[in-house]
Structure formats: C-alpha cells, structure tokens
$ cat start04.cif   # mmCIF, C-alpha atoms (C1' of nucleotides)
data_upload
loop_
_atom_site.label_atom_id
_atom_site.label_comp_id
_atom_site.auth_asym_id
_atom_site.auth_seq_id
_atom_site.Cartn_x
_atom_site.Cartn_y
_atom_site.Cartn_z
CA MET A 104 0.00 0.00 0.00
CA PHE A 105 2.73 2.44 0.96
CA THR A 106 6.09 2.38 -0.67
CA LEU A 107 9.16 4.27 0.51
CA ASP A 108 12.57 4.83 -0.96
CA PHE A 109 15.00 5.37 1.88
CA SER A 110 17.88 6.02 -0.46
CA SER A 111 16.02 8.92 -2.01
CA ARG A 112 16.84 12.49 -1.06
CA LYS A 113 13.13 13.16 -0.77
CA PRO A 114 12.09 13.28 2.91
CA ILE A 115 10.11 10.29 4.13
CA TYR A 116 7.21 12.41 5.33
CA GLU A 117 6.96 13.87 1.85
CA GLN A 118 6.98 10.45 0.24
CA LEU A 119 4.20 9.41 2.60
CA TYR A 120 2.27 12.54 1.70
CA ASN A 121 2.55 11.75 -1.99
CA ASN A 122 1.58 8.15 -1.39
CA VAL A 123 -1.72 9.22 0.11
CA VAL A 124 -2.38 11.84 -2.57
CA LYS A 125 -1.76 9.24 -5.24
CA LEU A 126 -3.97 6.63 -3.60
CA VAL A 127 -6.76 9.19 -3.49
CA SER A 128 -6.35 10.46 -7.03
CA LEU A 129 -6.32 6.88 -8.32
CA GLY A 130 -9.55 6.19 -6.48
CA ILE A 131 -7.97 3.44 -4.41
CA MET A 132 -8.74 5.35 -1.25
CA LYS A 133 -12.08 7.07 -1.12
CA PRO A 134 -13.70 9.75 1.02
CA ASN A 135 -14.12 8.72 4.67
CA ASP A 136 -11.77 5.76 4.31
CA LYS A 137 -9.67 5.21 7.42
CA LEU A 138 -5.94 5.57 7.27
CA PRO A 139 -3.64 3.37 9.33
CA PRO A 140 -2.93 4.79 12.81
CA VAL A 141 0.29 6.71 13.15
CA ARG A 142 2.03 4.07 15.23
CA THR A 143 0.85 1.15 13.13
CA LEU A 144 2.05 2.65 9.88
CA ALA A 145 5.28 3.74 11.53
CA THR A 146 5.99 0.21 12.71
CA GLU A 147 5.12 -1.31 9.35
CA LEU A 148 7.49 1.02 7.55
CA SER A 149 10.18 0.95 10.25
CA VAL A 150 9.92 4.67 10.70
CA ASN A 151 9.43 6.98 13.66
CA PRO A 152 5.77 7.68 14.50
CA ASN A 153 6.55 11.38 14.39
CA THR A 154 7.51 11.14 10.76
CA VAL A 155 4.16 9.62 9.89
CA SER A 156 2.49 12.22 12.06
CA LYS A 157 4.20 14.97 10.12
CA ALA A 158 2.88 13.59 6.86
CA TYR A 159 -0.63 13.33 8.26
CA LYS A 160 -0.41 16.83 9.63
CA LEU A 161 0.49 18.20 6.21
CA LEU A 162 -2.22 16.18 4.54
CA GLU A 163 -4.72 17.66 6.96
CA ALA A 164 -3.42 21.19 6.42
CA ASP A 165 -3.93 20.69 2.68
CA GLY A 166 -7.43 19.33 3.14
CA TYR A 167 -6.73 15.77 2.06
CA ILE A 168 -7.50 14.09 5.36
CA CYS A 169 -9.16 14.76 8.71
CA SER A 170 -7.50 13.69 11.95
CA ALA A 171 -8.88 13.52 15.48
CA VAL A 172 -7.29 12.27 18.66
CA GLY A 173 -8.67 8.91 19.70
CA LYS A 174 -10.62 8.50 16.48
CA GLY A 175 -7.97 8.30 13.82
CA SER A 176 -7.33 9.82 10.40
CA PHE A 177 -9.70 9.67 7.46
CA ILE A 178 -9.78 10.78 3.85
CA SER A 179 -11.73 14.05 3.66
CA PRO A 180 -15.38 13.63 2.64
CA ASP A 181 -15.22 16.32 -0.04
CA ILE A 182 -11.88 15.48 -1.58
CA SER A 183 -13.02 14.73 -5.14
CA GLU A 184 -14.38 18.10 -6.20
CA ILE A 185 -11.53 19.97 -4.59
CA THR A 186 -8.82 18.09 -6.41
CA ALA A 187 -10.62 18.23 -9.74
CA GLU A 188 -10.91 22.03 -9.86
CA LYS A 189 -7.46 22.43 -8.46
CA GLN A 190 -5.99 20.21 -11.12
CA VAL A 191 -7.36 22.44 -13.86
CA ALA A 192 -5.96 25.54 -12.19
CA ILE A 193 -2.57 23.89 -11.83
CA GLU A 194 -2.49 23.06 -15.51
CA SER A 195 -3.17 26.69 -16.46
CA LEU A 196 -0.53 27.77 -14.02
CA GLU A 197 2.05 25.46 -15.50
CA ALA A 198 1.26 26.70 -19.00
CA GLU A 199 1.95 30.28 -17.96
CA LEU A 200 5.02 29.16 -16.11
CA LYS A 201 6.45 27.59 -19.24
CA LYS A 202 5.93 30.82 -21.17
CA ALA A 203 7.64 32.85 -18.47
CA ILE A 204 10.57 30.45 -18.33
CA ALA A 205 10.96 30.72 -22.08
CA LEU A 206 11.26 34.49 -21.60
CA GLY A 207 13.98 34.10 -19.03
CA LEU A 208 12.22 33.60 -15.73
CA THR A 209 14.66 32.01 -13.32
CA LYS A 210 14.03 29.66 -10.46
CA GLY A 211 15.18 32.29 -8.01
CA GLU A 212 12.63 34.74 -9.35
CA LEU A 213 9.88 32.14 -9.16
CA LEU A 214 10.73 31.38 -5.56
CA GLU A 215 10.60 35.08 -4.82
CA ILE A 216 7.12 35.25 -6.34
CA ALA A 217 6.11 32.24 -4.30
CA ASP A 218 7.25 33.96 -1.13
CA ARG A 219 5.22 37.01 -2.00
CA HIS A 220 2.02 35.00 -2.44
CA PHE A 221 2.44 32.83 0.62
CA PRO A 222 3.04 35.34 3.39
CA LYS A 223 4.85 34.16 6.53
CA GLU A 224 4.54 30.45 5.91
CA MET B 640 24.55 53.72 -5.12
CA PHE B 641 24.44 50.35 -3.42
CA THR B 642 22.70 49.89 -0.11
CA LEU B 643 22.95 46.84 2.10
CA ASP B 644 21.13 45.78 5.23
CA PHE B 645 23.42 43.53 7.21
CA SER B 646 20.79 42.87 9.83
CA SER B 647 18.46 41.47 7.22
CA ARG B 648 17.99 37.74 6.76
CA LYS B 649 18.34 38.23 3.02
CA PRO B 650 21.78 37.15 1.84
CA ILE B 651 24.12 39.96 0.87
CA TYR B 652 24.69 38.60 -2.61
CA GLU B 653 20.94 38.62 -3.13
CA GLN B 654 20.65 42.19 -1.94
CA LEU B 655 23.40 43.18 -4.36
CA TYR B 656 21.59 41.36 -7.14
CA ASN B 657 18.40 43.27 -6.41
CA ASN B 658 20.29 46.55 -6.21
CA VAL B 659 21.52 46.13 -9.74
CA VAL B 660 18.14 44.99 -11.07
CA LYS B 661 16.52 48.02 -9.49
CA LEU B 662 19.13 50.44 -10.84
CA VAL B 663 18.51 49.04 -14.30
CA SER B 664 14.73 49.08 -14.12
CA LEU B 665 14.80 52.66 -12.87
CA GLY B 666 16.98 53.65 -15.78
CA ILE B 667 19.77 54.82 -13.51
CA MET B 668 22.08 52.27 -15.04
CA LYS B 669 21.84 51.77 -18.77
CA PRO B 670 23.00 49.14 -21.26
CA ASN B 671 26.79 48.91 -21.52
CA ASP B 672 27.33 50.89 -18.33
CA LYS B 673 30.29 49.58 -16.35
CA LEU B 674 29.76 48.11 -12.94
CA PRO B 675 32.33 48.58 -10.16
CA PRO B 676 35.02 45.88 -10.16
CA VAL B 677 34.45 43.02 -7.76
CA ARG B 678 37.24 44.07 -5.38
CA THR B 679 36.36 47.76 -5.44
CA LEU B 680 32.73 47.20 -4.59
CA ALA B 681 33.67 44.63 -1.99
CA THR B 682 35.97 47.07 -0.24
CA GLU B 683 33.43 49.90 -0.39
CA LEU B 684 30.79 47.72 1.19
CA SER B 685 33.16 45.96 3.60
CA VAL B 686 32.31 42.60 2.14
CA ASN B 687 34.28 39.70 0.76
CA PRO B 688 35.03 39.95 -2.98
CA ASN B 689 33.55 36.49 -3.42
CA THR B 690 30.19 37.70 -2.22
CA VAL B 691 30.13 40.41 -4.86
CA SER B 692 31.35 37.88 -7.38
CA LYS B 693 28.46 35.61 -6.55
CA ALA B 694 25.98 38.41 -7.17
CA TYR B 695 27.62 39.24 -10.49
CA LYS B 696 27.63 35.60 -11.47
CA LEU B 697 23.89 35.34 -10.86
CA LEU B 698 23.23 38.58 -12.69
CA GLU B 699 25.13 37.23 -15.65
CA ALA B 700 23.31 33.89 -15.54
CA ASP B 701 20.04 35.81 -15.66
CA GLY B 702 21.19 37.98 -18.55
CA TYR B 703 21.37 41.26 -16.69
CA ILE B 704 25.10 41.81 -17.06
CA CYS B 705 28.11 40.57 -19.02
CA SER B 706 31.40 39.84 -17.29
CA ALA B 707 34.83 39.18 -18.73
CA VAL B 708 38.14 38.63 -17.01
CA GLY B 709 40.38 41.64 -17.30
CA LYS B 710 37.65 43.79 -18.82
CA GLY B 711 35.07 44.07 -16.11
CA SER B 712 31.30 43.73 -15.79
CA PHE B 713 28.75 45.67 -17.82
CA ILE B 714 25.00 46.00 -18.06
CA SER B 715 23.79 43.83 -20.93
CA PRO B 716 23.22 45.72 -24.19
CA ASP B 717 19.77 44.22 -24.76
CA ILE B 718 18.42 44.41 -21.27
CA SER B 719 15.37 46.60 -21.94
CA GLU B 720 13.39 44.39 -24.28
CA ILE B 721 14.11 41.30 -22.28
CA THR B 722 12.79 42.68 -19.04
CA ALA B 723 9.71 44.19 -20.65
CA GLU B 724 8.44 40.95 -22.19
CA LYS B 725 9.34 39.03 -19.11
CA GLN B 726 7.40 41.40 -16.92
CA VAL B 727 4.22 40.75 -18.89
CA ALA B 728 4.70 37.01 -18.63
CA ILE B 729 5.25 37.28 -14.90
CA GLU B 730 2.02 39.19 -14.46
CA SER B 731 0.04 36.50 -16.27
CA LEU B 732 1.78 33.90 -14.20
CA GLU B 733 0.87 35.63 -10.97
CA ALA B 734 -2.75 35.92 -12.06
CA GLU B 735 -2.97 32.16 -12.60
CA LEU B 736 -1.14 31.59 -9.36
CA LYS B 737 -3.73 33.56 -7.44
CA LYS B 738 -6.53 31.48 -8.94
CA ALA B 739 -4.78 28.25 -8.06
CA ILE B 740 -4.14 29.41 -4.51
CA ALA B 741 -7.79 30.28 -4.15
CA LEU B 742 -8.56 26.68 -5.10
CA GLY B 743 -6.25 25.33 -2.44
CA LEU B 744 -2.82 25.23 -4.02
CA THR B 745 -0.25 25.09 -1.25
CA LYS B 746 3.25 26.46 -1.14
CA GLY B 747 4.63 22.95 -0.95
CA GLU B 748 2.82 22.00 -4.13
CA LEU B 749 4.05 25.11 -5.88
CA LEU B 750 7.62 24.36 -4.92
CA GLU B 751 7.17 20.86 -6.26
CA ILE B 752 5.97 22.30 -9.57
CA ALA B 753 8.94 24.64 -9.58
CA ASP B 754 11.30 21.72 -9.13
CA ARG B 755 9.69 19.92 -12.02
CA HIS B 756 10.20 22.87 -14.36
CA PHE B 757 13.75 23.66 -13.35
CA PRO B 758 15.50 20.32 -13.63
CA LYS B 759 18.67 19.76 -11.60
CA GLU B 760 19.30 23.37 -10.71
"C1'" DT C 826 57.11 41.94 -22.01
"C1'" DT C 827 55.88 43.01 -17.53
"C1'" DA C 828 52.93 44.69 -14.04
"C1'" DA C 829 48.39 45.91 -12.77
"C1'" DT C 830 43.57 44.99 -13.06
"C1'" DT C 831 39.93 42.13 -13.62
"C1'" DG C 832 36.74 38.01 -13.04
"C1'" DT C 833 36.86 32.87 -11.65
"C1'" DA C 834 37.66 28.55 -9.19
"C1'" DT C 835 38.63 25.89 -5.07
"C1'" DT C 836 38.41 25.13 -0.50
"C1'" DA C 837 37.04 25.65 4.18
"C1'" DC C 838 34.69 27.55 8.13
"C1'" DT C 839 30.36 28.74 10.49
"C1'" DA C 840 25.58 29.07 11.32
"C1'" DC C 841 21.17 27.73 10.62
"C1'" DA C 842 17.46 24.77 9.11
"C1'" DA C 843 15.60 20.24 7.79
"C1'" DG C 844 14.75 15.63 8.94
"C1'" DT C 845 14.15 12.26 12.16
"C1'" DA C 846 13.85 10.20 16.74
"C1'" DG C 847 12.72 9.82 21.90
"C1'" DT C 848 9.49 10.77 25.09
"C1'" DA C 849 5.65 12.54 27.37
"C1'" DC C 850 0.92 14.44 26.91
"C1'" DA C 851 -4.23 14.70 25.76
"C1'" DA C 852 -8.46 13.21 23.95
"C1'" DT C 853 -11.54 9.62 22.48
"C1'" DA C 854 -13.40 4.97 22.44
"C1'" DT C 855 -14.56 0.54 24.37
"C1'" DA D 1187 -10.30 2.03 33.61
"C1'" DT D 1188 -7.60 0.88 29.95
"C1'" DA D 1189 -6.27 0.88 25.35
"C1'" DT D 1190 -5.96 3.49 21.26
"C1'" DT D 1191 -5.37 7.44 18.94
"C1'" DG D 1192 -3.23 12.02 17.39
"C1'" DT D 1193 -0.26 15.94 19.27
"C1'" DA D 1194 3.43 18.67 21.47
"C1'" DC D 1195 8.02 19.24 23.05
"C1'" DT D 1196 12.69 18.45 22.91
"C1'" DA D 1197 17.04 16.95 21.15
"C1'" DC D 1198 20.23 14.92 18.03
"C1'" DT D 1199 22.21 14.48 13.43
"C1'" DT D 1200 22.95 15.83 8.92
"C1'" DG D 1201 23.07 18.79 5.16
"C1'" DT D 1202 22.98 23.10 2.93
"C1'" DA D 1203 23.54 28.17 2.60
"C1'" DG D 1204 26.39 32.09 3.24
"C1'" DT D 1205 30.65 34.00 3.59
"C1'" DA D 1206 35.62 34.16 3.69
"C1'" DA D 1207 40.66 33.04 2.50
"C1'" DT D 1208 43.43 32.08 -1.04
"C1'" DA D 1209 45.21 30.97 -5.40
"C1'" DC D 1210 44.44 31.12 -10.42
"C1'" DA D 1211 43.69 32.95 -15.28
"C1'" DA D 1212 42.79 36.31 -18.70
"C1'" DT D 1213 42.95 40.93 -20.36
"C1'" DT D 1214 44.74 45.53 -20.42
"C1'" DA D 1215 48.10 49.14 -20.35
"C1'" DA D 1216 52.75 50.82 -19.76
#
$ encode --input "start04.cif" --output "structure tokens"
Amino acid sequence: MFTLDFSSRKPIYEQLYNNVVKLVSLGIMKPNDKLPPVRTLATELSVNPNTVSKAYKLLEADGYICSAVGKGSFISPDISEITAEKQVAIESLEAELKKAIALGLTKGELLEIADRHFPKE
Amino acid sequence: MFTLDFSSRKPIYEQLYNNVVKLVSLGIMKPNDKLPPVRTLATELSVNPNTVSKAYKLLEADGYICSAVGKGSFISPDISEITAEKQVAIESLEAELKKAIALGLTKGELLEIADRHFPKE
DNA sequence: TTAATTGTATTACTACAAGTAGTACAATAT
DNA sequence: ATATTGTACTACTTGTAGTAATACAATTAA
C-alpha cells in the first residue's frame, strides 16, 4: 500500500504525503476511508511515529485528510471536487510558467514570487 | 549607489543582485554601463570579494550583465526588451497563481511544480 | 614583455534549518 | 479504567547556505 525509498533524497514524510495523494487520485482510497494509525504505519514502515504524524499533519493542512485524537485519520469527505478544480488551475498555471521560463524567468525569481504569495509560511 | 542591510535575513549577494536589477529598471544604469570591479565594490561595502562575485555571477546567468576577465562587468546591451516581455509574462503567471491558490494550491505544491520545471538546478 | 587589473575557481569555516527520533501528553473509544 | 489514537516538546544528526581566505587565469596598459 505504501512504498518508501529510503535512499532517495526526498524526505520520508513527503513520500508518505505523496503516497496518500496518489492513492486518493487513483480512487484506491475514497472519502471517509480510514488511514492506518500513526504508530501502526510507523511500525510497518520501520519509521518513527513522528515522521508519519508529520505527513498526516500536512495532509490535513492541505485538506486531504481529517484527523482527530482517539478516532484516527480519514480521507476528507469532499476530496473529489476539490482536487478536480485544483488540477485544472494547476495546468493553467504550468502553462503560464512555461511561457515565463521561455522568456527568461529564473528559479530564483519564481521562488521570490512564491514567497510574496504565501506570506509568513 | 548600493545599499545593504546587514541585519536582514536576506543574503548579501541577493541584496546586491536586487540593487543592480533596481538600478537598471529605474533607468539609472543603462545598457553597456560599467559596474564597479568586484574588489572595489567589496571594499566599499566591507564585504568579501567572493560575495560580490556571486551576485555578479547570478546577474550574468540571468542575462542582466556581461562579465569578462580583465575587462570588467557591464550591463547587458539588450536588457530593456528582455525585461519588458518578461514582466508581462510574470504578471500572467501571478494571475494564474492567485486562482490556483484560491482553489487550495499550497506552497509545498508550488515548490514541487517549480522543481519539475527547473531540472537539476 | 611586464605589471596591474579584472573576473573565476577551489576550499574551508560557520551558522542555521531540515529531517528524524525519543518521550511525554491529551483526547476519544470501548 | 484501559487501550488506542493524534499531538506537542525536545534533542540529536545531517546537510545546505552564506561567507571568507586564497590561489588562479585572462585581459589591459605601460
């Protein structure tokens, strides 16, 4: 269900995050489905519970899952519509990004723009 | 001519970079104008020559200036057109970015997109 | 041709942040 | 009550960013 690459430079919590996003977008996990408890998944993957927790925390911040102490973590009920609209917006964004890069936009400049649009994050 | 804020978190080389960009966009420095030599500027600003060099290197990579050993560093001859077109593209990009953010795009996701479009930088 | 001026490359030191782990805490369920 | 769950706090380790010290290479000017 979850696959990790420990030799990768990508942080484990980020890989976990992407795992869940992928499972949802592929329809393998559906709204209200229960995710494995932090400790369970951590043990399975031989990883610290806090690392799993970090992934879950991010997933919740981004609206993918809902977590509650004692209850557990679940795929958000209204995940489908969200991701669909967002996907379209991302595609438009990437199209504009390509144009800008062709005209000499650098990564540094893009990061600066990102900082301006995400205040104090 | 050049102003630095040493108490700022922003790296000095980045501040220098922005100084030059601003001087150009304000028309204070024009195409083919000579920039102060690395060592001279470094001494003036009480900074290591390498720090100035790093700023110049970035400016050259982004097409703002041209550097040559023994000659010096100069504002690029064709800076005006470049920056104009680019500015338009950046505005479109930011418009799309705002839409995507409104639909739930996160900073993390944006950075991931950035990584995808700037391979191995 | 020689000395001065210029940008570049290499290396190393320091500080800070990211990533992960250890542990204790708090809320819910059974 | 006790077990299960997510969360908060702290600390350790590692890596990267920023700057500096130094040596190098190319051009200019005398």
$ residues_near_point --input "start04.cif" --point "(30.8, 29.8, 13.1)" --cutoff "12 Å" --atoms "only C-alpha atoms (C1' of nucleotides)" --output "PyMOL selection string"
(chain C and resi 837-841) or (chain D and resi 1204-1206)
$ resolve_selection --input "start04.cif" --expression "the PyMOL selection byres ((chain A) within 10 of (chain B))" --output "VMD selection string"
chain A and resid 117 161 164 to 166 185 to 214 216 to 218 220 to 222 224
$ resolve_selection --input "start04.cif" --expression "the PyMOL selection byres ((chain D) within 12 of (chain A))" --output "PyMOL selection string"
chain D and resi 1189-1195+1201
$ resolve_selection --input "start04.cif" --expression "the PyMOL selection byres ((chain C) within 12 of (chain B))" --output "MDAnalysis selection string"
chainID C and resid 829:835 841
$ calpha_fit_rmsd --input "start04.cif" --fixed "chain A" --moving "chain B"
0.2 Å
$ residues_around --input "start04.cif" --residues "stretch 131-139 of chain A" --least-positions-apart "2" --cutoff "8 Å" --atoms "all atoms listed in the file" --output "ChimeraX atom specification"
/A:126-129,141,143-144,175-183
$ residues_around --input "start04.cif" --residues "C:DA843" --least-positions-apart "2" --cutoff "12 Å" --atoms "only C-alpha atoms (C1' of nucleotides)" --output "MDAnalysis selection string"
(chainID A and resid 112:116) or (chainID C and resid 841 845) or (chainID D and resid 1199:1202)
$ atom_distance --input "start04.cif" --atom1 "atom C1' of C:DA842" --atom2 "atom CA of A:Thr146"
27.3 Å
$ residues_around --input "start04.cif" --residues "C:DT827" --least-positions-apart "3" --cutoff "12 Å" --atoms "all atoms listed in the file" --output "number ranges by chain"
D: 1214-1216
$ atom_distance --input "start04.cif" --atom1 "atom CA of B:Pro688" --atom2 "atom C1' of D:DA1207"
10.5 Å
$ atom_distance --input "start04.cif" --atom1 "atom C1' of C:DG844" --atom2 "atom CA of A:Leu162"
17.5 Å
$ decode --input "start04.cif" --residues "stretch 674-712 of chain B" --atoms "N, CA and C atoms" --output "mmCIF file, in the first residue's frame"
data_model
loop_
_atom_site.group_PDB
_atom_site.id
_atom_site.type_symbol
_atom_site.label_atom_id
_atom_site.label_comp_id
_atom_site.auth_asym_id
_atom_site.auth_seq_id
_atom_site.Cartn_x
_atom_site.Cartn_y
_atom_site.Cartn_z
ATOM 1 N N LEU B 674 29.989 48.307 -14.371
ATOM 2 C CA LEU B 674 29.760 48.111 -12.939
ATOM 3 C C LEU B 674 31.092 48.224 -12.212
ATOM 4 N N PRO B 675 31.073 48.536 -10.926
ATOM 5 C CA PRO B 675 32.333 48.577 -10.164
ATOM 6 C C PRO B 675 32.992 47.201 -10.177
ATOM 7 N N PRO B 676 34.309 47.153 -10.242
ATOM 8 C CA PRO B 676 35.023 45.876 -10.159
ATOM 9 C C PRO B 676 34.692 45.150 -8.860
ATOM 10 N N VAL B 677 34.758 43.853 -8.909
ATOM 11 C CA VAL B 677 34.452 43.016 -7.756
ATOM 12 C C VAL B 677 35.149 43.496 -6.488
ATOM 13 N N ARG B 678 36.477 43.691 -6.577
ATOM 14 C CA ARG B 678 37.242 44.068 -5.382
ATOM 15 C C ARG B 678 36.865 45.461 -4.878
ATOM 16 N N THR B 679 36.704 46.387 -5.820
ATOM 17 C CA THR B 679 36.363 47.760 -5.439
ATOM 18 C C THR B 679 35.062 47.798 -4.653
ATOM 19 N N LEU B 680 34.038 47.193 -5.241
ATOM 20 C CA LEU B 680 32.729 47.204 -4.586
ATOM 21 C C LEU B 680 32.786 46.483 -3.248
ATOM 22 N N ALA B 681 33.545 45.389 -3.227
ATOM 23 C CA ALA B 681 33.665 44.630 -1.989
ATOM 24 C C ALA B 681 34.280 45.471 -0.878
ATOM 25 N N THR B 682 35.321 46.206 -1.224
ATOM 26 C CA THR B 682 35.972 47.066 -0.239
ATOM 27 C C THR B 682 35.033 48.167 0.235
ATOM 28 N N GLU B 683 34.391 48.832 -0.723
ATOM 29 C CA GLU B 683 33.430 49.897 -0.391
ATOM 30 C C GLU B 683 32.393 49.428 0.611
ATOM 31 N N LEU B 684 31.898 48.219 0.379
ATOM 32 C CA LEU B 684 30.785 47.717 1.191
ATOM 33 C C LEU B 684 31.264 46.880 2.379
ATOM 34 N N SER B 685 32.591 46.777 2.527
ATOM 35 C CA SER B 685 33.159 45.957 3.605
ATOM 36 C C SER B 685 32.637 44.533 3.551
ATOM 37 N N VAL B 686 32.811 43.947 2.384
ATOM 38 C CA VAL B 686 32.305 42.603 2.140
ATOM 39 C C VAL B 686 33.362 41.819 1.398
ATOM 40 N N ASN B 687 33.303 40.520 1.473
ATOM 41 C CA ASN B 687 34.280 39.702 0.760
ATOM 42 C C ASN B 687 34.049 39.759 -0.749
ATOM 43 N N PRO B 688 35.154 39.874 -1.509
ATOM 44 C CA PRO B 688 35.027 39.945 -2.976
ATOM 45 C C PRO B 688 34.183 38.805 -3.545
ATOM 46 N N ASN B 689 34.293 37.648 -2.919
ATOM 47 C CA ASN B 689 33.550 36.492 -3.417
ATOM 48 C C ASN B 689 32.051 36.688 -3.343
ATOM 49 N N THR B 690 31.622 37.448 -2.375
ATOM 50 C CA THR B 690 30.189 37.703 -2.221
ATOM 51 C C THR B 690 29.687 38.562 -3.375
ATOM 52 N N VAL B 691 30.479 39.578 -3.706
ATOM 53 C CA VAL B 691 30.130 40.409 -4.864
ATOM 54 C C VAL B 691 30.162 39.560 -6.126
ATOM 55 N N SER B 692 31.196 38.733 -6.207
ATOM 56 C CA SER B 692 31.349 37.882 -7.384
ATOM 57 C C SER B 692 30.126 36.990 -7.577
ATOM 58 N N LYS B 693 29.620 36.495 -6.467
ATOM 59 C CA LYS B 693 28.459 35.610 -6.546
ATOM 60 C C LYS B 693 27.256 36.367 -7.112
ATOM 61 N N ALA B 694 27.080 37.586 -6.663
ATOM 62 C CA ALA B 694 25.977 38.407 -7.168
ATOM 63 C C ALA B 694 26.143 38.646 -8.671
ATOM 64 N N TYR B 695 27.360 38.995 -9.073
ATOM 65 C CA TYR B 695 27.623 39.242 -10.489
ATOM 66 C C TYR B 695 27.373 37.984 -11.318
ATOM 67 N N LYS B 696 27.787 36.874 -10.752
ATOM 68 C CA LYS B 696 27.629 35.603 -11.468
ATOM 69 C C LYS B 696 26.150 35.322 -11.720
ATOM 70 N N LEU B 697 25.333 35.557 -10.711
ATOM 71 C CA LEU B 697 23.893 35.342 -10.859
ATOM 72 C C LEU B 697 23.303 36.316 -11.870
ATOM 73 N N LEU B 698 23.742 37.564 -11.772
ATOM 74 C CA LEU B 698 23.235 38.577 -12.694
ATOM 75 C C LEU B 698 23.576 38.203 -14.134
ATOM 76 N N GLU B 699 24.751 37.639 -14.302
ATOM 77 C CA GLU B 699 25.130 37.226 -15.647
ATOM 78 C C GLU B 699 24.297 36.027 -16.094
ATOM 79 N N ALA B 700 24.109 35.076 -15.203
ATOM 80 C CA ALA B 700 23.309 33.895 -15.536
ATOM 81 C C ALA B 700 21.894 34.294 -15.945
ATOM 82 N N ASP B 701 21.395 35.368 -15.353
ATOM 83 C CA ASP B 701 20.037 35.814 -15.656
ATOM 84 C C ASP B 701 20.003 36.836 -16.789
ATOM 85 N N GLY B 702 21.155 37.103 -17.378
ATOM 86 C CA GLY B 702 21.187 37.977 -18.553
ATOM 87 C C GLY B 702 21.200 39.459 -18.264
ATOM 88 N N TYR B 703 21.380 39.836 -17.009
ATOM 89 C CA TYR B 703 21.374 41.261 -16.691
ATOM 90 C C TYR B 703 22.698 41.928 -17.017
ATOM 91 N N ILE B 704 23.784 41.214 -16.806
ATOM 92 C CA ILE B 704 25.097 41.812 -17.062
ATOM 93 C C ILE B 704 25.990 40.847 -17.846
ATOM 94 N N CYS B 705 27.094 41.390 -18.352
ATOM 95 C CA CYS B 705 28.107 40.573 -19.020
ATOM 96 C C CYS B 705 29.429 40.795 -18.315
ATOM 97 N N SER B 706 30.106 39.721 -17.972
ATOM 98 C CA SER B 706 31.395 39.838 -17.291
ATOM 99 C C SER B 706 32.496 39.205 -18.132
ATOM 100 N N ALA B 707 33.678 39.767 -18.059
ATOM 101 C CA ALA B 707 34.834 39.178 -18.731
ATOM 102 C C ALA B 707 36.080 39.489 -17.925
ATOM 103 N N VAL B 708 36.905 38.465 -17.763
ATOM 104 C CA VAL B 708 38.140 38.632 -17.010
ATOM 105 C C VAL B 708 38.999 39.723 -17.643
ATOM 106 N N GLY B 709 39.519 40.579 -16.814
ATOM 107 C CA GLY B 709 40.385 41.641 -17.299
ATOM 108 C C GLY B 709 39.637 42.869 -17.771
ATOM 109 N N LYS B 710 38.446 42.658 -18.314
ATOM 110 C CA LYS B 710 37.650 43.788 -18.817
ATOM 111 C C LYS B 710 36.782 44.407 -17.732
ATOM 112 N N GLY B 711 36.001 43.576 -17.116
ATOM 113 C CA GLY B 711 35.072 44.069 -16.107
ATOM 114 C C GLY B 711 33.664 43.563 -16.362
ATOM 115 N N SER B 712 32.690 44.143 -15.659
ATOM 116 C CA SER B 712 31.299 43.733 -15.795
ATOM 117 C C SER B 712 30.461 44.906 -16.282
#
